[in-house]
Amino acid sequence: MENGTIEQLQKKATLLRRDIVEMITAAASGHPGGSLSAVDLITALYFKLLRHKPSDPEWADRDRFILSKGHGAPALYAALARTGYFPVEALKTLRKLGSPLQGHPEKGKLAGVEASTGSLGQGVSIGAGMALAGRLDRKDYRVYVLMGDGEANEGQVWEAAMFAAHYKIDHLTVILDCNRQQLDGWTTEILDIEPLADKWRAFGWHVIDFDGHDFGQILNAFDEAQRTVGKPTLLLARTTKGKGVSFMENNLEFHGVAPTTDQLQASLKELDR
Amino acid sequence: MNANPSEMKSAVQREKKLGLATRDAYGQVLVELGKADPRIVAVDADLSKSTKSGLFGKAFPDRFFNCGIAEANMVSVAAGLASCGKIPFASSFASFLLCKSFDQLRMSVANPSLNVKIVGSHGGISLGEDGASQQSVEDFALACALPKFTVLSPADEISCRALVRLAAEHVGPVYIRTGRPKAPIIYTGSEHFQLGRANKIAAGEDVTIIANGLLVWEALVASDICRERGISVAVLDLHTLKPIDEAAVIAAAEETGAIVTAEEHLLSGGVASRVAQVVAEHHPVPMASIGIADTYAESGTPTELMEKYGLTAKQIVQAVESVLKRKK
């Protein structure tokens, strides 16, 4: 969908949200909160920005997307299914024995998954390596990495931040899904990582701070990232954990717990409005 | 060979010709590989002068990325390079590479089975004076624990060149341990090397010594001493720890009925453990093992350390004699 309007993207995002709550309920385990907070960003990427060919997942010139916050896998899987990487029916097999839809994404198991993630902190480094390979091959593909704000606790993230800025990897864009919660509580209480924008700027990145649920702002931010030369860009997306389902929003209970069937029905009813 | 026994070389007189350190051989062959294949790239963690990947960096500055003192990032960057068709060689000290970035080796590299070559220099305790923090005594155990990884330990500069070339041709993750001190020359250059196939470098009937790295030379010296004492000893260079050459280990157990292992590594998780698993499952025979007991070492000259921690021909001979007493 080359010319996805904001209205069309919103519809897609709602579709993905439905997929997410349905597949996590079917799996009876998973991470709804962090999947829902990332959906609008992933929707903008898969339905508007990424140069990719779902029918040819290994296309050498494709843009790469790495879900560094691997527990948000349902959002990625929904996007991959809805863009045609595999049948939507397969979403029901999430976390089931023999399914390519592993609890956390694994490269090699499912077409479209670019890196094995779930041990937090590694995605930015992998993305930097991919972008360097593209530079060596004189290809102009871009690499996008979506990470969590809690994930910024990991030291490797800052090793990678130094590295990407040092090598001026401007084809690398990191999207930080800043939903302000991690498993044990609010990020400010567990291990405060703010001021995030200042930190990334100090590491030599171009930083754009915006509302991660507003498609106008999302598209503008991606556009600015693409125009940024000589340094990598950090998209600091302010999001809400559990976004779209009122009783999940900012509710820590839904970090890593599946909805019941009743909660699923309530979620779908809300999303249909 | 001189017919007069009194003029024959005694064991201690076996001509010890020092060659390059395996790290130097690695650096040289990496440059050659880089000339032949533009997919070869290298990353290092601010130790490129010591690991010798700096030679590659000088020859191909655009294909060399110094990651600074950040091993975890380096390993994941290598994974990203490999997933886009490059053949990255990631070098640092063995202790830092395996211990600091084990999770990155596990998830970024081993899980998707990416074509990354991990080269840990200053392996073992023979790097000497820098002490325990720099000495890797558990790198084989960690590398062998990674699914899909091939694990290599060359004994001299000649085997190092051959094995690094084979590692570059092999599609999949590889760990190679190199060493700091000059290594005694074992091979002539005419031998055949194959990943996963141990090299039989001395024939014998009473016991087989299975060794890797610097201990291969000590095993040869030990075999000479044993021969003077009337014990016929075979020596196997287990340069590939994983996948282990099961056929060669089983044949050694069947043909000589006793095995001694020797390695510059903890007794747990390296040659002794891996050989014992094969022997116990397929052809149980008495075994004795030379290696580092459950401890970290310390500062000292390489020679002093190898002696203090029992990694010399003398200890191997004692192990041979003890294992023969248990042989039926």
# chains A, B, ... in the order shown; residues from 1 in each chain; ligands from 1

call {"tool": "closest_atom_pairs", "arguments": {"of": "chain B", "to": "chain A", "cutoff": "9 Å", "atoms": "only C-alpha atoms", "output": "tab-separated table"}}
result
residue	atom	partner	partner_atom	distance
B:Asp62	CA	A:Leu136	CA	7.9
B:Arg63	CA	A:Leu136	CA	7.6
B:Phe65	CA	A:Tyr167	CA	8.7
B:Cys67	CA	A:Phe163	CA	6.5
B:Gly68	CA	A:Phe163	CA	8.1
B:Ile69	CA	A:Glu159	CA	8.8
B:Ala70	CA	A:Glu159	CA	6.2
B:Glu71	CA	A:Glu159	CA	8.9
B:Ala72	CA	A:Gln156	CA	6.3
B:Asn73	CA	A:Ser125	CA	5.4
B:Met74	CA	A:Ser125	CA	7.5
B:Val75	CA	A:Ser125	CA	8.3
B:Ser76	CA	A:Ile126	CA	4.9
B:Val77	CA	A:Gly129	CA	4.1
B:Ala78	CA	A:Gly129	CA	6.1
B:Ala79	CA	A:Ile126	CA	6.0
B:Gly80	CA	A:Gly129	CA	4.1
B:Leu81	CA	A:Gly129	CA	4.6
B:Ala82	CA	A:Met130	CA	8.0
B:Ser83	CA	A:Met130	CA	7.1
B:Cys84	CA	A:Met130	CA	6.0
B:Gly85	CA	A:Ala133	CA	7.7
B:Lys86	CA	A:Ala133	CA	6.9
B:Asp103	CA	A:Ser119	CA	7.8
B:Gln104	CA	A:Gln122	CA	7.1
B:Met107	CA	A:Ser116	CA	6.1
B:Ser108	CA	A:Ser116	CA	6.2
B:Val109	CA	A:Ser116	CA	8.6
B:Asn111	CA	A:Ser116	CA	6.8
B:Pro112	CA	A:Lys107	CA	5.4
B:Ser113	CA	A:Gly108	CA	8.6

call {"tool": "select_by_dssp", "arguments": {"residues": "stretch 25-191 of chain A", "states": "strand (DSSP E)", "output": "VMD selection string"}}
result
chain A and resid 64 to 67 143 to 148 172 to 178 181 to 182 185 to 186

call {"tool": "closest_residue", "arguments": {"among": "B:Lys242, B:Ile118, B:Ser190, B:Glu205", "to": "B:Gly230", "atoms": "only C-alpha atoms"}}
result
B:Glu205

call {"tool": "atom_distance", "arguments": {"atom1": "atom CA of B:Asp237", "atom2": "atom CA of B:Lys325"}}
result
24.1 Å

call {"tool": "residues_around", "arguments": {"residues": "stretch 310-324 of chain B", "least_positions_apart": "6", "cutoff": "8 Å", "atoms": "only C-alpha atoms", "output": "list of chain:residue names"}}
result
B:Asp206, B:Val207, B:Leu215, B:Glu218, B:Ala219, B:Leu220, B:Val221, B:Ala222, B:Ser223, B:Ile225, B:Cys226, B:Ala258, B:Ile259, B:Val260, B:Ala262, B:Glu263, B:Glu264, B:Pro286, B:Met287, B:Ala288, B:Ser289, B:Ile290, B:Gly291, B:Ile292

call {"tool": "residues_around", "arguments": {"residues": "A:Leu9", "least_positions_apart": "6", "cutoff": "9 Å", "atoms": "only C-alpha atoms", "output": "PDB file with N, CA, C and O atoms, in the first residue's frame"}}
result
ATOM      1  N   ASP A  40       1.119   1.021  16.194  1.00  0.00           N
ATOM      2  CA  ASP A  40       1.003   2.118  15.225  1.00  0.00           C
ATOM      3  C   ASP A  40       2.331   2.341  14.496  1.00  0.00           C
ATOM      4  O   ASP A  40       2.361   2.608  13.297  1.00  0.00           O
ATOM      5  N   THR A  43       2.725  -0.533  12.087  1.00  0.00           N
ATOM      6  CA  THR A  43       1.789  -0.353  10.966  1.00  0.00           C
ATOM      7  C   THR A  43       2.349   0.647   9.957  1.00  0.00           C
ATOM      8  O   THR A  43       2.327   0.411   8.744  1.00  0.00           O
ATOM      9  N   ALA A  44       2.859   1.764  10.458  1.00  0.00           N
ATOM     10  CA  ALA A  44       3.425   2.772   9.549  1.00  0.00           C
ATOM     11  C   ALA A  44       4.577   2.184   8.742  1.00  0.00           C
ATOM     12  O   ALA A  44       4.716   2.440   7.547  1.00  0.00           O
ATOM     13  N   PHE A  47       3.055  -0.918   6.303  1.00  0.00           N
ATOM     14  CA  PHE A  47       2.037  -0.569   5.305  1.00  0.00           C
ATOM     15  C   PHE A  47       2.349   0.712   4.556  1.00  0.00           C
ATOM     16  O   PHE A  47       1.583   1.132   3.700  1.00  0.00           O
ATOM     17  N   LYS A  48       3.495   1.355   4.898  1.00  0.00           N
ATOM     18  CA  LYS A  48       3.762   2.626   4.241  1.00  0.00           C
ATOM     19  C   LYS A  48       5.240   2.818   3.883  1.00  0.00           C
ATOM     20  O   LYS A  48       5.577   3.182   2.768  1.00  0.00           O
ATOM     21  N   PHE A 215      -0.476   9.167  13.668  1.00  0.00           N
ATOM     22  CA  PHE A 215       0.151   8.793  12.390  1.00  0.00           C
ATOM     23  C   PHE A 215       0.767   9.980  11.651  1.00  0.00           C
ATOM     24  O   PHE A 215       1.764   9.821  10.953  1.00  0.00           O
TER      25      PHE A 215
END

call {"tool": "residues_around", "arguments": {"residues": "B:Ile176", "least_positions_apart": "2", "cutoff": "6 Å", "atoms": "only C-alpha atoms", "output": "list in words"}}
result
Val119, Leu152 and Ser153 of chain B

call {"tool": "select_by_dssp", "arguments": {"residues": "stretch 90-314 of chain B", "states": "helix (DSSP H, G or I)", "output": "PyMOL selection string"}}
result
chain B and resi 94-100+102-110+139-144+157-169+215-228+246-256+271-282+302-308+313-314

call {"tool": "residues_around", "arguments": {"residues": "A:Phe203", "least_positions_apart": "2", "cutoff": "8 Å", "atoms": "only C-alpha atoms", "output": "PyMOL selection string"}}
result
chain A and resi 161-162+165+199-201+205

call {"tool": "residues_around", "arguments": {"residues": "B:Arg180", "least_positions_apart": "4", "cutoff": "12 Å", "atoms": "only C-alpha atoms", "output": "mmCIF file with N, CA, C and O atoms, in the first residue's frame"}}
result
data_model
loop_
_atom_site.group_PDB
_atom_site.id
_atom_site.type_symbol
_atom_site.label_atom_id
_atom_site.label_comp_id
_atom_site.auth_asym_id
_atom_site.auth_seq_id
_atom_site.Cartn_x
_atom_site.Cartn_y
_atom_site.Cartn_z
ATOM 1 N N GLY B 19 57.772 -21.958 15.687
ATOM 2 C CA GLY B 19 57.211 -21.233 14.554
ATOM 3 C C GLY B 19 56.531 -19.974 15.057
ATOM 4 O O GLY B 19 56.782 -19.509 16.174
ATOM 5 N N LEU B 20 55.666 -19.440 14.225
ATOM 6 C CA LEU B 20 54.916 -18.259 14.650
ATOM 7 C C LEU B 20 53.889 -18.651 15.718
ATOM 8 O O LEU B 20 53.491 -19.811 15.809
ATOM 9 N N ALA B 21 53.492 -17.667 16.481
ATOM 10 C CA ALA B 21 52.326 -17.877 17.334
ATOM 11 C C ALA B 21 51.119 -18.072 16.412
ATOM 12 O O ALA B 21 51.079 -17.510 15.312
ATOM 13 N N THR B 22 50.149 -18.841 16.878
ATOM 14 C CA THR B 22 48.972 -19.068 16.024
ATOM 15 C C THR B 22 48.234 -17.756 15.743
ATOM 16 O O THR B 22 47.632 -17.583 14.688
ATOM 17 N N ARG B 23 48.309 -16.790 16.657
ATOM 18 C CA ARG B 23 47.642 -15.501 16.395
ATOM 19 C C ARG B 23 48.286 -14.780 15.207
ATOM 20 O O ARG B 23 47.618 -14.130 14.421
ATOM 21 N N ASP B 24 49.634 -14.912 15.077
ATOM 22 C CA ASP B 24 50.310 -14.284 13.942
ATOM 23 C C ASP B 24 49.912 -14.959 12.633
ATOM 24 O O ASP B 24 49.679 -14.298 11.626
ATOM 25 N N ALA B 25 49.858 -16.289 12.670
ATOM 26 C CA ALA B 25 49.458 -17.033 11.472
ATOM 27 C C ALA B 25 48.031 -16.633 11.080
ATOM 28 O O ALA B 25 47.722 -16.444 9.892
ATOM 29 N N TYR B 26 47.169 -16.473 12.082
ATOM 30 C CA TYR B 26 45.786 -16.052 11.819
ATOM 31 C C TYR B 26 45.745 -14.700 11.120
ATOM 32 O O TYR B 26 45.071 -14.528 10.098
ATOM 33 N N LYS B 49 45.921 -5.067 17.655
ATOM 34 C CA LYS B 49 47.374 -5.244 17.600
ATOM 35 C C LYS B 49 47.772 -6.573 18.232
ATOM 36 O O LYS B 49 48.758 -7.183 17.844
ATOM 37 N N SER B 50 47.011 -7.000 19.219
ATOM 38 C CA SER B 50 47.324 -8.256 19.913
ATOM 39 C C SER B 50 46.720 -9.468 19.213
ATOM 40 O O SER B 50 47.337 -10.520 19.127
ATOM 41 N N THR B 51 45.474 -9.306 18.738
ATOM 42 C CA THR B 51 44.836 -10.449 18.073
ATOM 43 C C THR B 51 45.382 -10.657 16.669
ATOM 44 O O THR B 51 45.198 -11.700 16.083
ATOM 45 N N LYS B 52 46.015 -9.601 16.134
ATOM 46 C CA LYS B 52 46.590 -9.561 14.776
ATOM 47 C C LYS B 52 45.556 -9.334 13.683
ATOM 48 O O LYS B 52 45.886 -9.387 12.498
ATOM 49 N N PHE B 93 40.376 -11.062 22.850
ATOM 50 C CA PHE B 93 40.925 -12.112 23.697
ATOM 51 C C PHE B 93 39.833 -13.158 23.916
ATOM 52 O O PHE B 93 38.653 -12.811 24.102
ATOM 53 N N ALA B 94 40.248 -14.410 23.944
ATOM 54 C CA ALA B 94 39.282 -15.505 24.100
ATOM 55 C C ALA B 94 38.438 -15.324 25.353
ATOM 56 O O ALA B 94 37.224 -15.558 25.339
ATOM 57 N N GLY B 120 39.243 -16.147 19.188
ATOM 58 C CA GLY B 120 39.691 -15.776 20.525
ATOM 59 C C GLY B 120 41.186 -15.972 20.652
ATOM 60 O O GLY B 120 41.682 -17.095 20.628
ATOM 61 N N SER B 121 41.906 -14.869 20.759
ATOM 62 C CA SER B 121 43.363 -14.989 20.895
ATOM 63 C C SER B 121 43.730 -15.046 22.374
ATOM 64 O O SER B 121 42.879 -14.902 23.253
ATOM 65 N N HIS B 122 45.010 -15.261 22.627
ATOM 66 C CA HIS B 122 45.502 -15.377 23.998
ATOM 67 C C HIS B 122 44.738 -16.468 24.753
ATOM 68 O O HIS B 122 44.391 -16.323 25.925
ATOM 69 N N GLY B 123 44.463 -17.563 24.038
ATOM 70 C CA GLY B 123 43.754 -18.669 24.651
ATOM 71 C C GLY B 123 44.615 -19.358 25.695
ATOM 72 O O GLY B 123 45.840 -19.340 25.628
ATOM 73 N N GLY B 124 43.952 -19.946 26.669
ATOM 74 C CA GLY B 124 44.659 -20.704 27.700
ATOM 75 C C GLY B 124 45.408 -19.823 28.673
ATOM 76 O O GLY B 124 45.115 -18.633 28.828
ATOM 77 N N ILE B 125 46.395 -20.435 29.353
ATOM 78 C CA ILE B 125 47.162 -19.702 30.367
ATOM 79 C C ILE B 125 48.540 -19.324 29.845
ATOM 80 O O ILE B 125 49.278 -18.607 30.514
ATOM 81 N N SER B 126 48.882 -19.796 28.642
ATOM 82 C CA SER B 126 50.248 -19.591 28.134
ATOM 83 C C SER B 126 50.500 -18.154 27.694
ATOM 84 O O SER B 126 51.591 -17.836 27.236
ATOM 85 N N LEU B 127 49.506 -17.268 27.800
ATOM 86 C CA LEU B 127 49.804 -15.857 27.538
ATOM 87 C C LEU B 127 50.641 -15.291 28.677
ATOM 88 O O LEU B 127 51.341 -14.304 28.502
ATOM 89 N N GLY B 128 50.546 -15.943 29.846
ATOM 90 C CA GLY B 128 51.527 -15.645 30.878
ATOM 91 C C GLY B 128 51.211 -14.527 31.839
ATOM 92 O O GLY B 128 50.191 -14.550 32.543
ATOM 93 N N GLU B 129 52.073 -13.501 31.837
ATOM 94 C CA GLU B 129 52.183 -12.560 32.950
ATOM 95 C C GLU B 129 50.927 -11.755 33.259
ATOM 96 O O GLU B 129 50.756 -11.273 34.375
ATOM 97 N N ASP B 130 50.041 -11.576 32.283
ATOM 98 C CA ASP B 130 48.868 -10.720 32.517
ATOM 99 C C ASP B 130 47.900 -11.287 33.559
ATOM 100 O O ASP B 130 47.056 -10.569 34.082
ATOM 101 N N GLN B 134 42.942 -12.252 32.069
ATOM 102 C CA GLN B 134 43.150 -12.308 30.620
ATOM 103 C C GLN B 134 43.235 -13.743 30.090
ATOM 104 O O GLN B 134 43.251 -13.958 28.888
ATOM 105 N N GLN B 135 43.358 -14.701 31.000
ATOM 106 C CA GLN B 135 43.562 -16.093 30.577
ATOM 107 C C GLN B 135 42.216 -16.789 30.400
ATOM 108 O O GLN B 135 41.367 -16.739 31.279
ATOM 109 N N SER B 136 42.049 -17.451 29.266
ATOM 110 C CA SER B 136 40.784 -18.154 29.052
ATOM 111 C C SER B 136 40.982 -19.615 29.392
ATOM 112 O O SER B 136 41.795 -20.309 28.777
ATOM 113 N N ALA B 155 47.230 -26.242 16.556
ATOM 114 C CA ALA B 155 48.390 -26.543 17.398
ATOM 115 C C ALA B 155 49.630 -25.745 17.001
ATOM 116 O O ALA B 155 50.498 -25.501 17.829
ATOM 117 N N ASP B 156 49.727 -25.384 15.734
ATOM 118 C CA ASP B 156 50.902 -24.632 15.288
ATOM 119 C C ASP B 156 50.496 -23.708 14.136
ATOM 120 O O ASP B 156 49.324 -23.672 13.743
ATOM 121 N N GLU B 157 51.478 -22.977 13.609
ATOM 122 C CA GLU B 157 51.142 -21.996 12.573
ATOM 123 C C GLU B 157 50.610 -22.654 11.304
ATOM 124 O O GLU B 157 49.753 -22.103 10.625
ATOM 125 N N GLY B 213 45.905 -27.830 20.673
ATOM 126 C CA GLY B 213 46.669 -26.618 20.976
ATOM 127 C C GLY B 213 48.121 -26.929 21.307
ATOM 128 O O GLY B 213 48.731 -27.848 20.754
ATOM 129 N N LEU B 214 48.679 -26.157 22.240
ATOM 130 C CA LEU B 214 50.093 -26.322 22.592
ATOM 131 C C LEU B 214 50.387 -27.693 23.199
ATOM 132 O O LEU B 214 51.540 -28.141 23.220
ATOM 133 N N THR B 301 55.671 -16.541 33.915
ATOM 134 C CA THR B 301 56.049 -16.745 32.519
ATOM 135 C C THR B 301 55.246 -17.929 31.992
ATOM 136 O O THR B 301 54.812 -18.783 32.768
ATOM 137 N N PRO B 302 55.052 -17.986 30.675
ATOM 138 C CA PRO B 302 54.305 -19.128 30.119
ATOM 139 C C PRO B 302 54.895 -20.470 30.568
ATOM 140 O O PRO B 302 54.148 -21.365 30.959
#

call {"tool": "atom_distance", "arguments": {"atom1": "atom CA of B:Gln28", "atom2": "atom CA of B:Phe102"}}
result
26.9 Å

call {"tool": "atom_distance", "arguments": {"atom1": "atom CA of B:Pro173", "atom2": "atom CA of B:Ala272"}}
result
23.0 Å
